[in-house]
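One file, final.cif, carrying mmCIF, C-alpha atoms:
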data_final
#
loop_
_atom_site.label_atom_id
_atom_site.label_comp_id
_atom_site.auth_asym_id
_atom_site.auth_seq_id
_atom_site.Cartn_x
_atom_site.Cartn_y
_atom_site.Cartn_z
CA MET Q 44 0.00 0.00 0.00
CA THR Q 45 1.49 3.34 -1.01
CA THR Q 46 -1.04 5.78 0.47
CA THR Q 47 -2.96 6.36 3.68
CA GLU Q 48 -5.76 8.50 2.15
CA PRO Q 49 -8.83 6.23 2.52
CA ALA Q 50 -10.40 6.61 -0.91
CA ALA Q 51 -7.02 6.40 -2.65
CA ALA Q 52 -6.12 3.27 -0.66
CA ALA Q 53 -9.44 1.69 -1.62
CA ARG Q 54 -8.89 2.55 -5.29
CA GLU Q 55 -5.46 0.90 -5.15
CA ILE Q 56 -7.13 -2.30 -4.00
CA ALA Q 57 -9.72 -1.98 -6.77
CA VAL Q 58 -6.94 -1.70 -9.38
CA GLU Q 59 -5.10 -4.63 -7.81
CA ALA Q 60 -8.31 -6.69 -7.92
CA ALA Q 61 -8.92 -5.78 -11.57
CA GLY Q 62 -5.53 -7.24 -12.43
CA ALA Q 63 -6.28 -10.40 -10.47
CA TYR Q 64 -9.58 -10.92 -12.32
CA GLN Q 65 -7.87 -10.34 -15.68
CA GLU Q 66 -5.31 -13.01 -14.83
CA ALA Q 67 -7.93 -15.48 -13.56
CA LEU Q 68 -10.51 -15.01 -16.33
CA GLY Q 69 -8.41 -14.23 -19.40
CA ASP Q 70 -10.45 -13.85 -22.59
CA ARG Q 71 -13.70 -14.48 -20.68
CA LEU Q 72 -13.37 -11.03 -19.07
CA ILE Q 73 -14.60 -8.10 -21.17
CA GLY Q 74 -14.14 -5.36 -18.59
CA VAL Q 75 -13.74 -4.42 -14.92
CA TYR Q 76 -15.53 -1.32 -13.58
CA LEU Q 77 -15.53 0.64 -10.35
CA LEU Q 78 -18.99 1.13 -8.83
CA GLY Q 79 -20.45 2.74 -5.72
CA SER Q 80 -19.07 5.67 -3.79
CA LEU Q 81 -15.56 5.22 -5.21
CA ALA Q 82 -17.06 5.89 -8.64
CA TYR Q 83 -19.56 8.67 -7.93
CA GLY Q 84 -18.03 10.20 -4.77
CA GLY Q 85 -18.71 10.12 -1.05
CA TYR Q 86 -16.53 7.15 -0.10
CA SER Q 87 -16.59 6.45 3.65
CA ALA Q 88 -13.69 4.56 5.21
CA ALA Q 89 -16.02 3.61 8.06
CA ALA Q 90 -18.95 2.29 6.04
CA SER Q 91 -18.32 1.96 2.30
CA ASP Q 92 -17.57 -1.20 0.36
CA ILE Q 93 -15.14 -1.42 -2.55
CA ASP Q 94 -17.65 -2.21 -5.29
CA LEU Q 95 -16.48 -3.75 -8.56
CA ALA Q 96 -18.37 -4.95 -11.63
CA LEU Q 97 -17.12 -7.68 -13.95
CA VAL Q 98 -18.60 -8.03 -17.44
CA LEU Q 99 -17.94 -11.48 -18.89
CA THR Q 100 -18.43 -13.19 -22.21
CA GLU Q 101 -20.34 -15.99 -20.45
CA THR Q 102 -21.14 -17.16 -16.92
CA GLY Q 103 -20.72 -20.92 -17.04
CA ASP Q 104 -19.48 -22.97 -14.13
CA ASP Q 105 -15.80 -22.35 -14.94
CA ALA Q 106 -16.24 -18.56 -15.02
CA ARG Q 107 -18.35 -18.62 -11.85
CA SER Q 108 -15.71 -20.67 -10.02
CA ALA Q 109 -12.91 -18.37 -11.19
CA VAL Q 110 -14.75 -15.27 -9.96
CA GLU Q 111 -15.58 -16.80 -6.59
CA ARG Q 112 -12.10 -18.25 -6.09
CA THR Q 113 -10.37 -14.98 -7.01
CA THR Q 114 -12.68 -12.92 -4.80
CA ALA Q 115 -12.08 -15.19 -1.81
CA ALA Q 116 -8.31 -15.02 -2.29
CA LEU Q 117 -8.34 -11.23 -2.57
CA GLN Q 118 -10.48 -10.82 0.54
CA GLU Q 119 -7.93 -12.75 2.59
CA ARG Q 120 -5.15 -10.24 1.90
CA SER Q 121 -6.10 -7.55 4.46
CA PRO Q 122 -9.05 -6.07 6.38
CA LEU Q 123 -9.46 -3.48 3.63
CA HIS Q 124 -9.50 -6.18 0.96
CA ARG Q 125 -12.44 -7.75 2.83
CA LYS Q 126 -14.48 -4.72 1.78
CA LEU Q 127 -14.44 -5.97 -1.83
CA SER Q 128 -17.96 -6.54 -3.13
CA VAL Q 129 -18.04 -7.93 -6.66
CA PHE Q 130 -20.95 -7.97 -9.12
CA TRP Q 131 -20.70 -9.95 -12.33
CA ALA Q 132 -22.76 -11.02 -15.33
CA SER Q 133 -22.37 -11.71 -19.03
CA LEU Q 134 -22.64 -8.93 -21.59
CA PRO Q 135 -25.51 -10.68 -23.42
CA ALA Q 136 -27.51 -10.76 -20.18
CA LEU Q 137 -26.74 -7.11 -19.38
CA ARG Q 138 -27.83 -6.08 -22.87
CA GLU Q 139 -31.16 -7.85 -22.28
CA GLY Q 140 -31.65 -6.37 -18.81
CA ARG Q 141 -31.24 -9.60 -16.89
CA ASP Q 142 -28.85 -11.11 -14.35
CA ASP Q 143 -27.12 -14.41 -15.07
CA GLY Q 144 -24.50 -14.08 -12.33
CA ARG Q 145 -24.59 -11.71 -9.37
CA PHE Q 146 -25.78 -8.34 -10.64
CA PRO Q 147 -28.91 -6.81 -9.06
CA ALA Q 148 -30.89 -4.20 -10.99
CA LEU Q 149 -29.72 -1.25 -8.88
CA ASP Q 150 -26.08 -2.14 -9.51
CA ARG Q 151 -26.76 -2.54 -13.24
CA LEU Q 152 -28.17 0.99 -13.15
CA GLN Q 153 -25.05 2.19 -11.35
CA LEU Q 154 -22.86 0.55 -13.98
CA ALA Q 155 -24.73 2.30 -16.79
CA ASP Q 156 -24.71 5.69 -15.06
CA ASP Q 157 -21.56 5.92 -12.96
CA GLY Q 158 -19.27 2.95 -13.66
CA ARG Q 159 -15.59 3.76 -14.14
CA VAL Q 160 -13.49 1.54 -16.40
CA LEU Q 161 -10.55 -0.05 -14.58
CA ALA Q 162 -9.57 -2.62 -17.21
CA GLY Q 163 -10.75 -3.95 -20.55
CA GLU Q 164 -13.43 -2.54 -22.82
CA ASP Q 165 -15.96 0.18 -22.08
CA VAL Q 166 -19.34 -1.46 -22.73
CA ARG Q 167 -21.43 0.64 -20.34
CA ALA Q 168 -23.53 2.10 -23.15
CA GLU Q 169 -24.71 -1.43 -24.00
CA VAL Q 170 -26.15 -2.11 -20.52
CA ALA Q 171 -29.95 -2.03 -20.47
CA ARG Q 172 -31.26 0.35 -17.80
CA PRO Q 173 -33.74 -1.36 -15.46
CA GLU Q 174 -37.30 -0.05 -15.31
CA ALA Q 175 -38.62 1.70 -12.20
CA ALA Q 176 -40.93 -1.24 -11.46
CA GLU Q 177 -38.00 -3.67 -11.36
CA LEU Q 178 -36.05 -1.39 -9.03
CA LEU Q 179 -39.06 -1.04 -6.72
CA LEU Q 180 -39.62 -4.79 -6.50
CA GLU Q 181 -35.93 -5.43 -5.94
CA SER Q 182 -35.55 -2.88 -3.13
CA ALA Q 183 -38.78 -4.01 -1.47
CA GLY Q 184 -37.73 -7.65 -1.69
CA PHE Q 185 -34.33 -6.79 -0.22
CA ALA Q 186 -35.96 -4.92 2.66
CA ILE Q 187 -38.19 -7.86 3.54
CA ALA Q 188 -35.40 -10.44 3.20
CA VAL Q 189 -32.69 -8.51 5.08
CA LEU Q 190 -34.31 -5.86 7.28
CA ALA Q 191 -37.66 -7.39 8.25
CA THR Q 192 -36.25 -10.54 9.85
CA ASP Q 193 -37.05 -11.32 13.49
CA GLU Q 194 -33.39 -10.85 14.43
CA VAL Q 195 -33.19 -7.36 12.93
CA THR Q 196 -36.61 -6.33 14.22
CA ALA Q 197 -35.52 -7.31 17.73
CA GLU Q 198 -32.47 -5.03 17.33
CA PHE Q 199 -34.78 -2.09 16.70
CA THR Q 200 -36.14 -2.18 20.23
CA SER Q 201 -33.17 -3.74 22.04
CA PRO Q 202 -30.06 -2.76 20.09
CA LYS Q 203 -26.76 -4.55 20.60
CA ARG Q 204 -24.89 -4.76 17.30
CA LEU Q 205 -26.26 -1.36 16.25
CA LEU Q 206 -24.39 0.23 19.17
CA VAL Q 207 -20.94 -1.10 18.25
CA ASP Q 208 -20.87 -1.80 14.49
CA LYS Q 209 -20.42 1.37 12.42
CA VAL Q 210 -21.21 -0.29 9.13
CA TRP Q 211 -24.41 -1.92 10.38
CA PHE Q 212 -25.53 1.26 12.18
CA THR Q 213 -25.14 3.45 9.09
CA LYS Q 214 -26.71 0.89 6.77
CA ALA Q 215 -29.67 0.24 9.09
CA VAL Q 216 -30.44 3.95 9.34
CA LEU Q 217 -29.68 4.98 5.76
CA PHE Q 218 -31.15 2.06 3.79
CA PRO Q 219 -34.74 3.33 4.24
CA VAL Q 220 -33.63 6.89 3.49
CA ARG Q 221 -32.12 5.81 0.16
CA PHE Q 222 -35.13 3.63 -0.67
CA LEU Q 223 -37.48 6.53 0.05
CA TYR Q 224 -35.43 8.91 -2.08
CA SER Q 225 -35.23 6.50 -5.00
CA GLY Q 226 -38.94 5.74 -4.88
CA THR Q 227 -40.19 9.28 -4.38
CA THR Q 228 -37.98 11.27 -6.74
CA SER Q 229 -37.70 10.88 -10.49
CA THR Q 230 -33.98 11.29 -11.06
CA GLY Q 231 -33.84 8.16 -13.24
CA ARG Q 232 -30.47 7.22 -11.76
CA ALA Q 233 -29.15 5.35 -8.73
CA ALA Q 234 -29.25 7.41 -5.55
CA ASN Q 235 -26.20 7.95 -3.39
CA ASN Q 236 -26.24 8.47 0.36
CA ASP Q 237 -25.43 12.19 0.32
CA GLU Q 238 -28.24 13.00 -2.13
CA ALA Q 239 -30.73 10.89 -0.22
CA ILE Q 240 -29.83 12.39 3.17
CA GLU Q 241 -30.02 15.96 1.87
CA TRP Q 242 -33.45 15.26 0.36
CA TYR Q 243 -34.75 13.49 3.47
CA LEU Q 244 -33.72 16.26 5.86
CA THR Q 245 -35.70 18.84 3.85
CA ARG Q 246 -38.98 16.92 4.30
CA GLU Q 247 -41.06 18.53 7.02
CA ASP Q 248 -42.99 15.34 7.81
CA ALA Q 249 -39.96 13.03 7.96
CA PRO Q 250 -39.25 11.55 11.42
CA ALA Q 251 -35.89 10.80 13.04
CA ALA Q 252 -34.00 13.69 11.44
CA SER Q 253 -31.43 13.77 14.26
CA LEU Q 254 -30.84 10.01 13.92
CA VAL Q 255 -30.27 10.39 10.17
CA ARG Q 256 -27.85 13.27 10.79
CA LEU Q 257 -25.96 11.14 13.32
CA ALA Q 258 -25.69 8.28 10.81
CA GLN Q 259 -24.33 10.77 8.27
CA GLN Q 260 -21.72 11.92 10.80
CA VAL Q 261 -20.71 8.36 11.72
CA ARG Q 262 -20.38 7.51 8.05
CA ALA Q 263 -18.02 10.49 7.73
CA GLY Q 264 -15.84 9.25 10.60
CA HIS Q 265 -17.58 10.41 13.79
CA PRO Q 266 -17.05 7.81 16.57
CA LEU Q 267 -19.89 5.44 17.33
CA GLU Q 268 -20.56 6.15 21.00
CA PRO Q 269 -23.25 3.92 22.57
CA ALA Q 270 -24.25 6.65 25.03
CA GLU Q 271 -24.95 8.99 22.11
CA VAL Q 272 -26.43 6.43 19.73
CA GLU Q 273 -28.78 4.49 22.03
CA PRO Q 274 -31.26 7.31 22.79
CA GLU Q 275 -31.34 8.32 19.13
CA LEU Q 276 -32.15 4.76 18.10
CA ALA Q 277 -34.80 4.42 20.79
CA ALA Q 278 -36.52 7.65 19.69
CA GLY Q 279 -36.10 7.43 15.93
CA LEU Q 280 -35.48 4.03 14.38
CA VAL Q 281 -38.98 2.55 14.57
CA PRO Q 282 -40.67 5.81 13.40
CA LEU Q 283 -38.18 6.00 10.50
CA TYR Q 284 -38.99 2.48 9.37
CA ARG Q 285 -42.74 2.84 9.79
CA TYR Q 286 -42.55 6.01 7.68
CA TYR Q 287 -40.64 4.08 5.00
CA ILE Q 288 -43.00 1.09 5.19
CA ALA Q 289 -46.06 3.31 4.72
CA ALA Q 290 -44.57 4.99 1.65
CA GLU Q 291 -43.27 1.74 0.17
CA SER Q 292 -46.61 0.00 0.73
CA ARG Q 293 -48.40 2.75 -1.20
CA ARG Q 294 -45.97 2.44 -4.10
CA LEU Q 295 -46.27 -1.34 -4.16
CA GLN Q 296 -50.06 -1.20 -4.24
CA GLU Q 297 -50.09 1.48 -6.94
CA SER Q 298 -47.66 -0.51 -9.09
CA GLY Q 299 -49.66 -3.73 -8.87
CA ALA Q 300 -46.93 -5.60 -7.00
CA PRO Q 301 -47.63 -9.17 -5.87
CA GLN Q 302 -50.04 -9.24 -2.94
CA GLU Q 303 -47.61 -11.45 -1.03
CA LEU Q 304 -45.08 -8.61 -0.99
CA VAL Q 305 -47.69 -6.02 0.03
CA ASP Q 306 -48.80 -8.32 2.86
CA ALA Q 307 -45.19 -8.78 3.99
CA PHE Q 308 -44.86 -5.03 4.47
CA ALA Q 309 -48.14 -4.93 6.39
CA GLY Q 310 -46.90 -7.72 8.67
CA TRP Q 311 -43.58 -5.96 9.17
CA ASP Q 312 -45.35 -2.75 10.16
CA LYS Q 313 -47.52 -4.65 12.63
CA ARG Q 314 -44.48 -6.23 14.30
CA LEU Q 315 -42.76 -2.88 14.61
CA GLY Q 316 -45.90 -1.23 15.96
#
Could I get this file's structure written as structure tokens?
Amino acid sequence: MTTTEPAAAAREIAVEAAGAYQEALGDRLIGVYLLGSLAYGGYSAAASDIDLALVLTETGDDARSAVERTTAALQERSPLHRKLSVFWASLPALREGRDDGRFPALDRLQLADDGRVLAGEDVRAEVARPEAAELLLESAGFAIAVLATDEVTAEFTSPKRLLVDKVWFTKAVLFPVRFLYSGTTSTGRAANNDEAIEWYLTREDAPAASLVRLAQQVRAGHPLEPAEVEPELAAGLVPLYRYYIAAESRRLQESGAPQELVDAFAGWDKRLG
């Protein structure tokens, strides 16, 4: 490592990883791209991942194994390497707006809008942009699968990990803020944390403003102090999520989403209430 500046150090690892994927995949690799906050700005040493996208010629078992094996080896090199988060799919699938590897719709949108070429060809213009309905269903499904579990719901009222884990604290508070921003505004592009926070804090009816500001500060490097965080979580986290759930439920119903998903949000709201 030749630098101590956080974003520069993370970019060095991204470049190193791009070379490792080129070596492992050879002609099957079309390009490697930087995604996330390292691409569009706002990288947080405390909370950000090092997001990479791999565009392949095909995603058969050999390519899948090579990606997984190379990622695992890279993540063993240092704590910062463990922040690597890699998305991958074939170019034919990306042209058709589908995922044949590991490439959710939101990250495909980020690739099209903000991806930075690290190695190989620039094929970003060929990536099909996902429709708003696909993005809504994906974010809602993620929320139910990851945030609405019994374990996470219990943390909302009796926090333990949220008081000591900076990454989990910032993600738990800012996920609904980003989802609200993406669903309510019509930017047509992937939202970043800074944009979403600025938008949220201007809304007069939005709850938990001080909790969102604290998450923004922690993401920027402010220490996570349990004595400071615990009362903010107790006062704001459940109202924040119920506000998000109400807005997301309306959008799901208006879009004609599967009733099972609408019911899952209703059940989540009931458990939080």
Exercise for the section: Would you kindly translate the PyMOL selection byres ((chain Q and resi 152) around 8) into the concrete residues it picks from this file, as a ChimeraX atom specification? Expected result: /Q:148-151,153-156,172-173,232-233
Exercise for the section: Write out as a ChimeraX atom specification which residues come within 12 Å of segment 67-74 of chain Q when counting all atoms listed in the file, dropping same-chain ones fewer than 4 positions away. Expected result: /Q:60-63,95-103,105-114,116-117,130-135,154,158-167
Now that the selection is made, can you save its residues with C-alpha atoms as a PDB file, in the coordinates of the input?
ATOM      1  CA  ALA Q  60      -8.310  -6.690  -7.920  1.00  0.00           C
ATOM      2  CA  ALA Q  61      -8.920  -5.780 -11.570  1.00  0.00           C
ATOM      3  CA  GLY Q  62      -5.530  -7.240 -12.430  1.00  0.00           C
ATOM      4  CA  ALA Q  63      -6.280 -10.400 -10.470  1.00  0.00           C
ATOM      5  CA  LEU Q  95     -16.480  -3.750  -8.560  1.00  0.00           C
ATOM      6  CA  ALA Q  96     -18.370  -4.950 -11.630  1.00  0.00           C
ATOM      7  CA  LEU Q  97     -17.120  -7.680 -13.950  1.00  0.00           C
ATOM      8  CA  VAL Q  98     -18.600  -8.030 -17.440  1.00  0.00           C
ATOM      9  CA  LEU Q  99     -17.940 -11.480 -18.890  1.00  0.00           C
ATOM     10  CA  THR Q 100     -18.430 -13.190 -22.210  1.00  0.00           C
ATOM     11  CA  GLU Q 101     -20.340 -15.990 -20.450  1.00  0.00           C
ATOM     12  CA  THR Q 102     -21.140 -17.160 -16.920  1.00  0.00           C
ATOM     13  CA  GLY Q 103     -20.720 -20.920 -17.040  1.00  0.00           C
ATOM     14  CA  ASP Q 105     -15.800 -22.350 -14.940  1.00  0.00           C
ATOM     15  CA  ALA Q 106     -16.240 -18.560 -15.020  1.00  0.00           C
ATOM     16  CA  ARG Q 107     -18.350 -18.620 -11.850  1.00  0.00           C
ATOM     17  CA  SER Q 108     -15.710 -20.670 -10.020  1.00  0.00           C
ATOM     18  CA  ALA Q 109     -12.910 -18.370 -11.190  1.00  0.00           C
ATOM     19  CA  VAL Q 110     -14.750 -15.270  -9.960  1.00  0.00           C
ATOM     20  CA  GLU Q 111     -15.580 -16.800  -6.590  1.00  0.00           C
ATOM     21  CA  ARG Q 112     -12.100 -18.250  -6.090  1.00  0.00           C
ATOM     22  CA  THR Q 113     -10.370 -14.980  -7.010  1.00  0.00           C
ATOM     23  CA  THR Q 114     -12.680 -12.920  -4.800  1.00  0.00           C
ATOM     24  CA  ALA Q 116      -8.310 -15.020  -2.290  1.00  0.00           C
ATOM     25  CA  LEU Q 117      -8.340 -11.230  -2.570  1.00  0.00           C
ATOM     26  CA  PHE Q 130     -20.950  -7.970  -9.120  1.00  0.00           C
ATOM     27  CA  TRP Q 131     -20.700  -9.950 -12.330  1.00  0.00           C
ATOM     28  CA  ALA Q 132     -22.760 -11.020 -15.330  1.00  0.00           C
ATOM     29  CA  SER Q 133     -22.370 -11.710 -19.030  1.00  0.00           C
ATOM     30  CA  LEU Q 134     -22.640  -8.930 -21.590  1.00  0.00           C
ATOM     31  CA  PRO Q 135     -25.510 -10.680 -23.420  1.00  0.00           C
ATOM     32  CA  LEU Q 154     -22.860   0.550 -13.980  1.00  0.00           C
ATOM     33  CA  GLY Q 158     -19.270   2.950 -13.660  1.00  0.00           C
ATOM     34  CA  ARG Q 159     -15.590   3.760 -14.140  1.00  0.00           C
ATOM     35  CA  VAL Q 160     -13.490   1.540 -16.400  1.00  0.00           C
ATOM     36  CA  LEU Q 161     -10.550  -0.050 -14.580  1.00  0.00           C
ATOM     37  CA  ALA Q 162      -9.570  -2.620 -17.210  1.00  0.00           C
ATOM     38  CA  GLY Q 163     -10.750  -3.950 -20.550  1.00  0.00           C
ATOM     39  CA  GLU Q 164     -13.430  -2.540 -22.820  1.00  0.00           C
ATOM     40  CA  ASP Q 165     -15.960   0.180 -22.080  1.00  0.00           C
ATOM     41  CA  VAL Q 166     -19.340  -1.460 -22.730  1.00  0.00           C
ATOM     42  CA  ARG Q 167     -21.430   0.640 -20.340  1.00  0.00           C
TER      43      ARG Q 167
END
What's around segment 243-248 of chain Q at 10 Å? Count all atoms listed in the file, leave out sequence neighbours fewer than 5 positions away in its own chain, and write the answer as a PDB file with C-alpha atoms, keeping the file's coordinate frame.
ATOM      1  CA  VAL Q 220     -33.630   6.890   3.490  1.00  0.00           C
ATOM      2  CA  ARG Q 221     -32.120   5.810   0.160  1.00  0.00           C
ATOM      3  CA  LEU Q 223     -37.480   6.530   0.050  1.00  0.00           C
ATOM      4  CA  TYR Q 224     -35.430   8.910  -2.080  1.00  0.00           C
ATOM      5  CA  ASP Q 237     -25.430  12.190   0.320  1.00  0.00           C
ATOM      6  CA  GLU Q 238     -28.240  13.000  -2.130  1.00  0.00           C
ATOM      7  CA  SER Q 253     -31.430  13.770  14.260  1.00  0.00           C
ATOM      8  CA  VAL Q 255     -30.270  10.390  10.170  1.00  0.00           C
ATOM      9  CA  ARG Q 256     -27.850  13.270  10.790  1.00  0.00           C
ATOM     10  CA  TYR Q 286     -42.550   6.010   7.680  1.00  0.00           C
TER      11      TYR Q 286
END
Problem - From Q:Tyr284, Q:Leu267, Q:Phe222, Q:Asp92, residue lying nearest Ala251 of chain Q [all atoms listed in the file] - result: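 Answer, going by the shortest atom-to-atom distance: Q:Tyr284.
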Practice task
Using atom CA of Ser87 of chain Q and atom CA of Ala115 of chain Q as the two end points, give the distance in Å to one decimal.
Solution key: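 Separation of atom CA of Ser87 of chain Q and atom CA of Ala115 of chain Q: 22.8 Å.
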